[in-house]
$ cat start.cif   # mmCIF, C-alpha atoms
data_target
loop_
_atom_site.label_atom_id
_atom_site.label_comp_id
_atom_site.auth_asym_id
_atom_site.auth_seq_id
_atom_site.Cartn_x
_atom_site.Cartn_y
_atom_site.Cartn_z
CA MET A 466 116.16 125.38 88.01
CA ALA A 467 114.01 123.63 90.58
CA GLN A 468 112.02 125.80 92.90
CA ILE A 469 112.75 125.23 96.59
CA GLN A 470 109.63 124.35 98.53
CA PRO A 471 109.27 125.75 102.07
CA GLN A 472 109.75 122.25 103.49
CA ASP A 473 113.01 121.86 101.53
CA ALA A 474 114.21 125.24 102.76
CA LYS A 475 113.49 124.18 106.31
CA ALA A 476 115.46 120.96 105.88
CA LYS A 477 118.43 122.82 104.45
CA SER A 478 118.47 125.24 107.38
CA GLY A 479 119.48 122.35 109.65
CA ASP A 480 116.13 121.60 111.32
CA GLU A 481 116.11 118.33 113.21
CA LEU A 482 113.42 116.03 114.47
CA GLN A 483 113.86 114.62 117.95
CA LEU A 484 112.33 111.15 117.90
CA VAL A 485 111.50 108.38 120.33
CA VAL A 486 112.43 105.13 118.55
CA PHE A 487 110.43 101.98 119.35
CA ASN A 488 109.81 98.51 117.97
CA ILE A 489 106.71 96.55 117.11
CA GLY A 490 107.66 93.07 115.99
CA THR A 491 110.76 93.42 113.83
CA GLU A 492 110.02 96.95 112.59
CA GLU A 493 111.42 100.21 113.97
CA PHE A 494 109.23 103.29 114.28
CA GLY A 495 109.76 106.85 115.41
CA VAL A 496 107.44 109.48 116.89
CA GLU A 497 108.23 113.08 117.71
CA ILE A 498 109.27 113.46 121.32
CA MET A 499 107.08 116.56 121.67
CA ASN A 500 103.98 114.30 121.58
CA VAL A 501 105.34 111.94 124.24
CA GLN A 502 104.62 112.72 127.90
CA GLU A 503 106.47 109.75 129.29
CA ILE A 504 107.37 106.11 128.75
CA ILE A 505 106.40 103.62 131.43
CA ARG A 506 106.93 99.92 132.02
CA MET A 507 104.06 97.59 131.27
CA THR A 508 101.62 97.52 134.15
CA ASN A 509 98.35 95.80 134.98
CA ILE A 510 95.72 96.92 132.51
CA THR A 511 92.04 96.74 133.45
CA LYS A 512 90.05 95.36 130.54
CA ILE A 513 86.94 97.21 129.39
CA PRO A 514 83.99 94.98 128.42
CA GLN A 515 82.86 95.33 124.79
CA ALA A 516 85.63 97.81 123.93
CA SER A 517 86.99 97.89 120.38
CA GLY A 518 89.79 95.42 119.60
CA TYR A 519 92.43 98.15 119.53
CA VAL A 520 91.57 99.25 123.11
CA LYS A 521 93.61 97.14 125.54
CA GLY A 522 92.00 98.71 128.60
CA ILE A 523 92.71 101.41 131.19
CA ILE A 524 95.45 102.14 133.71
CA ASN A 525 95.72 104.43 136.70
CA LEU A 526 98.76 106.64 136.20
CA ARG A 527 99.32 108.68 139.35
CA GLY A 528 95.59 109.17 139.89
CA LYS A 529 94.71 109.83 136.24
CA ILE A 530 92.81 107.18 134.27
CA ILE A 531 94.38 106.59 130.86
CA VAL A 532 93.03 104.50 127.98
CA VAL A 533 95.69 102.14 126.60
CA ILE A 534 95.75 101.31 122.89
CA ASN A 535 97.23 98.25 121.15
CA LEU A 536 99.30 100.01 118.50
CA ASN A 537 100.01 96.73 116.71
CA VAL A 538 96.26 96.08 116.28
CA ILE A 539 95.69 99.50 114.68
CA MET A 540 98.58 98.95 112.31
CA GLY A 541 97.73 95.31 111.59
CA MET A 542 101.16 94.05 112.67
CA GLU A 543 102.30 91.05 114.66
CA SER A 544 103.59 91.96 118.09
CA LYS A 545 105.77 90.02 120.48
CA GLU A 546 104.41 88.64 123.73
CA ASN A 547 104.63 91.16 126.58
CA ASN A 548 107.96 90.88 128.38
CA GLU A 549 110.34 93.00 130.48
CA ASN A 550 110.99 95.25 127.44
CA THR A 551 107.31 96.02 126.73
CA ARG A 552 106.52 99.69 127.28
CA ILE A 553 103.57 102.06 127.23
CA ILE A 554 104.23 105.35 125.48
CA VAL A 555 101.99 107.95 127.14
CA ALA A 556 101.15 110.70 124.67
CA ASP A 557 98.92 113.75 124.20
CA ILE A 558 96.55 113.20 121.29
CA GLY A 559 94.41 116.27 120.80
CA GLU A 560 92.70 116.84 124.14
CA THR A 561 93.25 113.25 125.31
CA VAL A 562 96.14 111.58 127.10
CA MET A 563 96.42 107.93 126.12
CA GLY A 564 98.92 105.11 126.19
CA PHE A 565 100.26 103.06 123.28
CA ILE A 566 101.70 99.59 123.88
CA VAL A 567 104.97 98.89 122.04
CA ASP A 568 107.31 95.90 122.17
CA SER A 569 110.28 98.02 123.26
CA VAL A 570 111.65 101.57 123.26
CA SER A 571 115.26 101.71 122.14
CA GLU A 572 116.46 105.31 122.08
CA VAL A 573 115.86 108.99 121.51
CA ILE A 574 117.57 110.33 118.40
CA ARG A 575 117.97 113.51 116.41
CA LEU A 576 117.29 113.13 112.71
CA PRO A 577 117.79 115.92 110.18
CA GLU A 578 114.55 116.69 108.34
CA SER A 579 116.54 116.37 105.12
CA SER A 580 116.83 112.62 105.92
CA VAL A 581 113.05 112.17 105.88
CA GLU A 582 111.35 111.09 102.66
CA PRO A 583 107.71 110.38 101.87
CA ALA A 584 106.75 106.78 102.62
CA PRO A 585 107.08 104.45 99.62
CA ALA A 586 103.80 103.02 98.35
CA VAL A 587 104.66 99.57 99.79
CA ILE A 588 104.78 100.95 103.34
CA ALA A 589 101.86 103.32 102.88
CA ASN A 590 99.65 100.54 101.50
CA LYS A 591 100.67 98.02 104.17
CA ILE A 592 100.29 100.29 107.19
CA GLY A 593 98.11 103.19 106.03
CA THR A 594 99.11 106.58 104.72
CA GLU A 595 97.02 108.67 107.06
CA TYR A 596 99.40 108.31 109.99
CA VAL A 597 102.71 107.52 108.27
CA ARG A 598 104.63 110.77 108.24
CA GLY A 599 107.50 109.41 106.18
CA VAL A 600 110.62 107.28 106.34
CA GLY A 601 113.75 108.46 108.12
CA LYS A 602 117.00 107.34 106.53
CA MET A 603 119.84 106.61 108.91
CA GLU A 604 123.26 105.15 108.10
CA ASP A 605 122.33 101.49 108.42
CA ARG A 606 118.56 101.45 108.94
CA LEU A 607 115.22 102.98 108.09
CA LEU A 608 112.66 104.36 110.56
CA ILE A 609 108.96 104.54 109.79
CA LEU A 610 107.85 107.89 111.23
CA LEU A 611 104.34 107.96 112.68
CA ASP A 612 102.09 110.93 113.37
CA LEU A 613 100.39 110.00 116.66
CA ASP A 614 97.79 112.74 116.18
CA LYS A 615 96.48 110.82 113.14
CA ILE A 616 96.89 107.26 114.43
CA LEU A 617 93.23 107.06 115.44
CA SER A 618 90.45 108.11 113.09
CA ALA A 619 88.03 110.77 114.33
CA ASN A 620 85.51 108.03 115.13
CA GLU A 621 88.05 105.91 117.04
CA LEU A 622 89.24 108.98 118.97
CA HIS A 623 85.63 109.77 119.86
CA ASN A 624 85.22 106.19 121.19
CA VAL A 625 88.39 106.51 123.31
CA ASN A 626 87.21 109.87 124.68
CA ALA A 627 83.82 108.33 125.52
CA ILE A 628 85.52 105.47 127.40
CA ALA A 629 87.71 107.93 129.32
CA ALA A 630 84.68 110.08 130.21
CA GLU A 631 82.65 107.07 131.39
CA VAL A 632 85.50 105.80 133.56
CA ALA A 633 86.13 109.27 134.99
CA ALA A 634 82.43 109.65 135.84
CA ALA A 635 82.35 106.22 137.48
CA THR A 636 85.40 106.94 139.65
CA THR A 637 84.22 110.32 140.99
#
$ encode --input "start.cif" --output "structure tokens"
Amino acid sequence: MAQIQPQDAKAKSGDELQLVVFNIGTEEFGVEIMNVQEIIRMTNITKIPQASGYVKGIINLRGKIIVVINLNVIMGMESKENNENTRIIVADIGETVMGFIVDSVSEVIRLPESSVEPAPAVIANKIGTEYVRGVGKMEDRLLILLDLDKILSANELHNVNAIAAEVAAATT
């Protein structure tokens, strides 16, 4: 008889993930809603000279300066041109609040943890296993679940924190 792992026991007890579902190109992704502060419409982004390619720039969100990241650049995916559906997902990553540009945000869903499986090698190799939490199976579609806390490497997160600190120092 197979031994039930703690994760399996959790899934059987009816635990659900509450996810924000968004698109980049033709792919659908999900992130846990607990990481998301808010979702805002695309706004003017101030470019930062000599910033890494994944850093789009900074925005002023109600008096707080936030670094905005090109999520498609980090994941090596084609993105659509910015349009009326383009959104910035504002999230807490460690001690830093930052924004992630996505093509569109479609819905908030509840997904039983029992519907989440480890990412197949094809997805993990294409995108990167460090921040792919798994794949959520729904009736007629699959969601790639991302762990926003792991989307940036320690070095990249340090660079974003340094940019935020420099901007904050310059504006005070």
$ resolve_selection --input "start.cif" --expression "the PyMOL selection byres ((chain A and resi 546-556) around 8)" --output "number ranges by chain"
A: 500-507, 533, 544-545, 557-558, 562-570
$ closest_residue --input "start.cif" --among "A:Ser517, A:Ser571, A:Asn535, A:Thr511" --to "Glu492 (chain A)" --atoms "only C-alpha atoms"
A:Ser571
$ atom_distance --input "start.cif" --atom1 "CA of Lys521 (chain A)" --atom2 "CA of Ile628 (chain A)"
11.8 Å
$ residues_around --input "start.cif" --residues "Ala629 (chain A)" --least-positions-apart "3" --cutoff "12 Å" --atoms "only C-alpha atoms" --output "list of chain:residue names"
A:Ile513, A:Ala516, A:Val520, A:Gly522, A:Ile523, A:Ile524, A:Asn525, A:Lys529, A:Ile530, A:Ile531, A:Val532, A:Val533, A:Glu560, A:Thr561, A:Val562, A:Met563, A:Gly564, A:Leu622, A:His623, A:Asn624, A:Val625, A:Asn626, A:Val632, A:Ala633, A:Ala634, A:Ala635, A:Thr636
$ atom_distance --input "start.cif" --atom1 "CA of Ile539 (chain A)" --atom2 "CA of Ile616 (chain A)"
7.9 Å
$ resolve_selection --input "start.cif" --expression "the PyMOL selection byres ((chain A and resi 583) around 6)" --output "ChimeraX atom specification"
/A:582,584,599
$ resolve_selection --input "start.cif" --expression "the PyMOL selection byres ((chain A and resi 498) around 8)" --output "VMD selection string"
chain A and resid 483 to 485 496 to 497 499 to 501 573
$ atom_distance --input "start.cif" --atom1 "CA of Ile574 (chain A)" --atom2 "CA of Leu536 (chain A)"
21.0 Å
$ closest_residue --input "start.cif" --among "A:Ala586, A:Leu526, A:Val597, A:Ile489" --to "Asp614 (chain A)" --atoms "only C-alpha atoms"
A:Val597
$ closest_residue --input "start.cif" --among "A:Ile609, A:Val600, A:Val538, A:Val486" --to "Gly518 (chain A)" --atoms "only C-alpha atoms"
A:Val538
